[in-house]
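J.: Can you read through this structure? Questions will come right after.
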Amino acid sequence: MALLLDTRLLLRKVKDLRCFIPRRNRVKEKWAVTRTKHPPTSLALQHFDAIYSNQLGPQWPSVRAALLSERKYGALLNNFSHDPVLTELEDLGCRDFLTDTDTEVSAAQPDMEQESEVAGVEDASGISKKSGIDGQQLSPLHLSPHIKCLVFPRGDITRFKPARPDVCGLLGYYLMDAASLLPCLALGVQEGHNVLDLCAAPGGKTLALLQTESIAYLCVNDASVSRTMRLRKVLTSYFPKLLLADEKLRITSFDGTKWGEIERNTFDRVLVDVPCTTDRHSLMEDDNNIFSKIRTGERRRLPQLQLELLMAGIEAACPSGEILYSTCTLSHIQNQSVVEQAIVLARENHGIQLQVVDLRPLTHMFRKTFHFAADLHLGEMVVPHMAANFGPIYMCKLRRLT
């Protein structure tokens, strides 16, 4: 019996490979230091489950599954590149979602473009909105013919290959969430406009605005110096040096919340794409995650920062100018609540009257490509969907009244 016990003990020691390692070389793994007990992605998922299950109700499980799946991308074509990438991408089955639109229009939707057919209406909170006349049909939106963004068909999760440089060293296309292009389209930039991109880095929306080839003056700003340097690098990869040296383009790194003190009543169009919880990134990447414990205070201050940035954008816009507020989060607190507060503060503190511009013509046009949230009382939002896994992107357009 004693022999049997000794044999079992010997076998147990042989199975434990540490017995072959000299004791002086054995190191116990310090998991408390090397392994995060609660990684930021896990904390983000817990937070979203608690908040969005109430906000989205029965839709949250499907949205959650899409957020945790691989996202879809679009290829924003670079008009300054000499490579025939359009034909190559079309041969792969891609389509330009700006031309593959839904032209059928329901009878009762408002016409955003025809001012004679709409009237300003105020709700109980004093927010001025657009109200359409029943029976009127939507007119086509004035989209720039120079912008092209190719995507794979609905349900196709094929990945794009990295863009290659042409003979001049310029890349043929920029990979981005195709829904991120919608705020630039909704901004409605026209010939001769002065435009401000208040939170421009990393540069995808700036690239799209420059592709319109109709802006008289573009100012791109980001408060972070490092992100501004990254923005410059991106622009250098897509545009000729002569264009970047043009006086019509200005790149700055100022505190965006103070822009109303720098240039007031100046710009025809202002894009305010604010920092947010970036829901998809927060669920997929631990690096630079807003839900890391050391950034808790920064995350809690986000709604206040967003409000200050939007207020600065409103002040920077000229009378009759338009402001586009956008985020990449589903959060009601960071979306509609910020816009509502800004409208009230602009009226009470600055005497600025704002009108909410109806974006339903835009969402109707691109509903073949994106899945939009239904029944938002303020603004529009692209919601991630397994068959069309773009977003989330929230956008709301405001017009300063004279």
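Labels for the structure tokens follow display order: chains A, B, ..., residues from 1 in each chain, ligands from 1.
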Neighbouring residues of Ser292 (chain A) were defined as those with any atom within 9 Å, considering only C-alpha atoms; residues of the same chain fewer than 3 positions away were excluded. Please report them as an mmCIF file with N, CA and C atoms, in the first residue's frame.
T.:
data_model
loop_
_atom_site.group_PDB
_atom_site.id
_atom_site.type_symbol
_atom_site.label_atom_id
_atom_site.label_comp_id
_atom_site.auth_asym_id
_atom_site.auth_seq_id
_atom_site.Cartn_x
_atom_site.Cartn_y
_atom_site.Cartn_z
ATOM 1 N N PRO A 39 -11.368 44.227 -17.675
ATOM 2 C CA PRO A 39 -10.892 45.023 -18.812
ATOM 3 C C PRO A 39 -11.922 46.068 -19.230
ATOM 4 N N PRO A 40 -11.487 47.167 -19.843
ATOM 5 C CA PRO A 40 -12.416 48.234 -20.242
ATOM 6 C C PRO A 40 -13.538 47.751 -21.157
ATOM 7 N N THR A 41 -13.232 46.794 -22.050
ATOM 8 C CA THR A 41 -14.282 46.290 -22.942
ATOM 9 C C THR A 41 -15.394 45.614 -22.155
ATOM 10 N N LEU A 43 -16.186 46.310 -18.978
ATOM 11 C CA LEU A 43 -16.908 47.374 -18.273
ATOM 12 C C LEU A 43 -17.854 48.114 -19.222
ATOM 13 N N ALA A 44 -17.408 48.324 -20.466
ATOM 14 C CA ALA A 44 -18.260 48.997 -21.451
ATOM 15 C C ALA A 44 -19.504 48.167 -21.742
ATOM 16 N N ASP A 286 -9.252 47.393 -26.006
ATOM 17 C CA ASP A 286 -8.890 47.840 -24.658
ATOM 18 C C ASP A 286 -7.986 49.069 -24.682
ATOM 19 N N ASP A 287 -7.208 49.214 -25.760
ATOM 20 C CA ASP A 287 -6.306 50.362 -25.863
ATOM 21 C C ASP A 287 -7.100 51.639 -26.094
ATOM 22 N N ASN A 288 -6.707 52.709 -25.396
ATOM 23 C CA ASN A 288 -7.335 54.018 -25.555
ATOM 24 C C ASN A 288 -8.851 53.938 -25.373
ATOM 25 N N ASN A 289 -9.274 53.161 -24.403
ATOM 26 C CA ASN A 289 -10.695 52.930 -24.160
ATOM 27 C C ASN A 289 -11.204 53.900 -23.089
ATOM 28 N N ARG A 295 -9.861 56.711 -16.779
ATOM 29 C CA ARG A 295 -10.556 57.727 -17.569
ATOM 30 C C ARG A 295 -12.016 57.900 -17.146
ATOM 31 N N THR A 296 -12.349 57.431 -15.958
ATOM 32 C CA THR A 296 -13.736 57.526 -15.487
ATOM 33 C C THR A 296 -14.213 58.974 -15.424
#
J.: Which value, in Å to one decimal, gives the distance between CA of His193 (chain A) and CA of Asn221 (chain A)?
T.: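 Distance between the two atoms: 17.1 Å.
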J.: Per DSSP on the backbone, what are the strand (DSSP E or B) residues of region 75-311 of chain A, as a compact mmCIF listing (two decimals) with N, CA and C atoms, in the first residue's frame?
T.:
# COMPACT_ATOMS: atom_id res chain seq x y z
N ALA A 75 -15.41 52.57 -48.88
CA ALA A 75 -14.19 53.11 -49.50
C ALA A 75 -14.53 54.47 -50.11
N LEU A 76 -14.12 55.56 -49.45
CA LEU A 76 -14.32 56.91 -49.96
C LEU A 76 -13.27 57.18 -51.03
N LEU A 77 -13.70 57.33 -52.27
CA LEU A 77 -12.76 57.49 -53.37
C LEU A 77 -12.07 58.85 -53.31
N ARG A 95 -20.62 48.78 -54.77
CA ARG A 95 -21.51 49.78 -55.39
C ARG A 95 -21.38 51.09 -54.65
N ASP A 96 -21.60 52.17 -55.37
CA ASP A 96 -21.57 53.51 -54.76
C ASP A 96 -22.93 53.75 -54.11
N VAL A 118 -42.60 74.52 -46.28
CA VAL A 118 -42.44 74.14 -44.89
C VAL A 118 -42.57 75.36 -44.01
N ALA A 119 -42.95 75.13 -42.78
CA ALA A 119 -43.10 76.24 -41.85
C ALA A 119 -42.47 75.86 -40.53
N GLY A 120 -41.95 76.83 -39.79
CA GLY A 120 -41.34 76.55 -38.49
C GLY A 120 -42.43 76.33 -37.45
N VAL A 121 -42.26 75.26 -36.66
CA VAL A 121 -43.22 74.94 -35.62
C VAL A 121 -42.46 74.73 -34.32
N GLU A 122 -42.97 75.25 -33.23
CA GLU A 122 -42.32 75.07 -31.94
C GLU A 122 -43.08 74.05 -31.13
N SER A 128 -37.76 74.94 -32.21
CA SER A 128 -38.36 75.17 -33.52
C SER A 128 -38.01 74.04 -34.46
N LYS A 129 -39.05 73.43 -35.04
CA LYS A 129 -38.84 72.29 -35.93
C LYS A 129 -39.48 72.53 -37.27
N LYS A 130 -39.15 71.63 -38.23
CA LYS A 130 -39.76 71.72 -39.54
C LYS A 130 -41.05 70.92 -39.58
N SER A 131 -42.02 71.46 -40.24
CA SER A 131 -43.28 70.74 -40.41
C SER A 131 -43.66 70.77 -41.87
N GLY A 132 -43.85 69.61 -42.45
CA GLY A 132 -44.14 69.55 -43.87
C GLY A 132 -45.64 69.57 -44.12
N CYS A 149 -18.60 56.83 -52.52
CA CYS A 149 -18.22 55.91 -51.44
C CYS A 149 -18.78 54.54 -51.77
N LEU A 150 -17.90 53.57 -51.97
CA LEU A 150 -18.31 52.24 -52.39
C LEU A 150 -18.40 51.31 -51.19
N VAL A 151 -19.44 50.48 -51.18
CA VAL A 151 -19.64 49.49 -50.13
C VAL A 151 -19.99 48.16 -50.78
N PRO A 165 -0.70 53.49 -53.17
CA PRO A 165 -0.39 54.82 -53.72
C PRO A 165 -0.27 54.79 -55.24
N LEU A 171 -3.01 57.99 -52.16
CA LEU A 171 -3.80 56.79 -52.01
C LEU A 171 -5.13 56.91 -52.74
N TYR A 173 -8.17 55.43 -52.10
CA TYR A 173 -9.41 55.55 -51.33
C TYR A 173 -9.09 55.49 -49.84
N TYR A 174 -10.07 55.97 -49.07
CA TYR A 174 -9.94 56.03 -47.61
C TYR A 174 -11.00 55.12 -47.01
N LEU A 175 -10.58 54.15 -46.19
CA LEU A 175 -11.51 53.22 -45.57
C LEU A 175 -12.10 53.85 -44.30
N MET A 176 -13.41 53.84 -44.21
CA MET A 176 -14.11 54.44 -43.08
C MET A 176 -15.47 53.76 -42.93
N HIS A 193 -19.10 78.19 -49.96
CA HIS A 193 -19.31 78.20 -48.51
C HIS A 193 -18.00 78.25 -47.73
N ASN A 194 -18.05 78.92 -46.58
CA ASN A 194 -16.98 78.84 -45.59
C ASN A 194 -17.39 77.80 -44.56
N VAL A 195 -16.50 76.84 -44.32
CA VAL A 195 -16.86 75.67 -43.50
C VAL A 195 -15.87 75.50 -42.36
N LEU A 196 -16.39 75.14 -41.18
CA LEU A 196 -15.58 74.84 -40.01
C LEU A 196 -15.82 73.40 -39.59
N ASP A 197 -14.74 72.62 -39.49
CA ASP A 197 -14.80 71.27 -38.92
C ASP A 197 -14.15 71.37 -37.54
N ILE A 215 -15.83 74.09 -51.66
CA ILE A 215 -15.68 74.92 -50.47
C ILE A 215 -14.74 76.09 -50.76
N ALA A 216 -15.19 77.29 -50.40
CA ALA A 216 -14.34 78.47 -50.60
C ALA A 216 -13.24 78.54 -49.54
N TYR A 217 -13.57 78.13 -48.32
CA TYR A 217 -12.59 78.19 -47.22
C TYR A 217 -12.96 77.12 -46.21
N LEU A 218 -11.98 76.31 -45.83
CA LEU A 218 -12.20 75.23 -44.87
C LEU A 218 -11.21 75.35 -43.73
N CYS A 219 -11.74 75.44 -42.50
CA CYS A 219 -10.91 75.45 -41.30
C CYS A 219 -11.14 74.15 -40.57
N VAL A 220 -10.08 73.37 -40.36
CA VAL A 220 -10.18 72.10 -39.63
C VAL A 220 -9.41 72.25 -38.33
N ASN A 221 -10.04 71.82 -37.24
CA ASN A 221 -9.46 72.03 -35.91
C ASN A 221 -9.61 70.77 -35.07
N LEU A 249 -7.33 76.47 -47.08
CA LEU A 249 -7.35 75.40 -46.08
C LEU A 249 -6.51 75.82 -44.88
N ARG A 250 -7.09 75.73 -43.69
CA ARG A 250 -6.38 76.11 -42.48
C ARG A 250 -6.54 75.00 -41.44
N ILE A 251 -5.42 74.57 -40.88
CA ILE A 251 -5.42 73.50 -39.87
C ILE A 251 -4.96 74.10 -38.54
N THR A 252 -5.78 73.95 -37.51
CA THR A 252 -5.46 74.55 -36.21
C THR A 252 -5.60 73.50 -35.10
N PHE A 267 -19.09 81.34 -40.20
CA PHE A 267 -19.12 80.20 -41.12
C PHE A 267 -20.53 79.88 -41.60
N ASP A 268 -20.61 79.50 -42.90
CA ASP A 268 -21.90 79.09 -43.47
C ASP A 268 -22.30 77.71 -42.99
N ARG A 269 -21.32 76.84 -42.79
CA ARG A 269 -21.58 75.48 -42.32
C ARG A 269 -20.56 75.13 -41.23
N VAL A 270 -21.04 74.48 -40.16
CA VAL A 270 -20.17 74.06 -39.06
C VAL A 270 -20.46 72.60 -38.76
N LEU A 271 -19.42 71.78 -38.80
CA LEU A 271 -19.54 70.37 -38.44
C LEU A 271 -18.97 70.18 -37.03
N VAL A 272 -19.81 69.68 -36.12
CA VAL A 272 -19.39 69.46 -34.73
C VAL A 272 -19.50 67.96 -34.45
N ASP A 273 -18.47 67.23 -34.81
CA ASP A 273 -18.41 65.79 -34.60
C ASP A 273 -17.66 65.55 -33.28
J.: Mind the document's chain letters and residue numbers, and return as a list in words the residues of region 222-271 of chain A that DSSP labels helix (DSSP H, G or I).
T.: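 For region 222-271 of chain A, the helix (DSSP H, G or I) set is Val225, Ser226, Arg227, Thr228, Met229, Arg230, Leu231, Arg232, Lys233, Val234, Leu235, Thr236, Ser237, Tyr238, Lys241, Leu242, Leu243, Leu244, Gly256, Thr257, Lys258, Trp259, Gly260, Glu261 and Ile262 of chain A.
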J.: Would you mind telling me which residue in A:Glu348, A:Glu70, A:Asp375, A:Asp279 lies nearest to Leu330 (chain A) when using only C-alpha atoms?
T.: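 Closest residue, counting only C-alpha atoms: A:Asp279.
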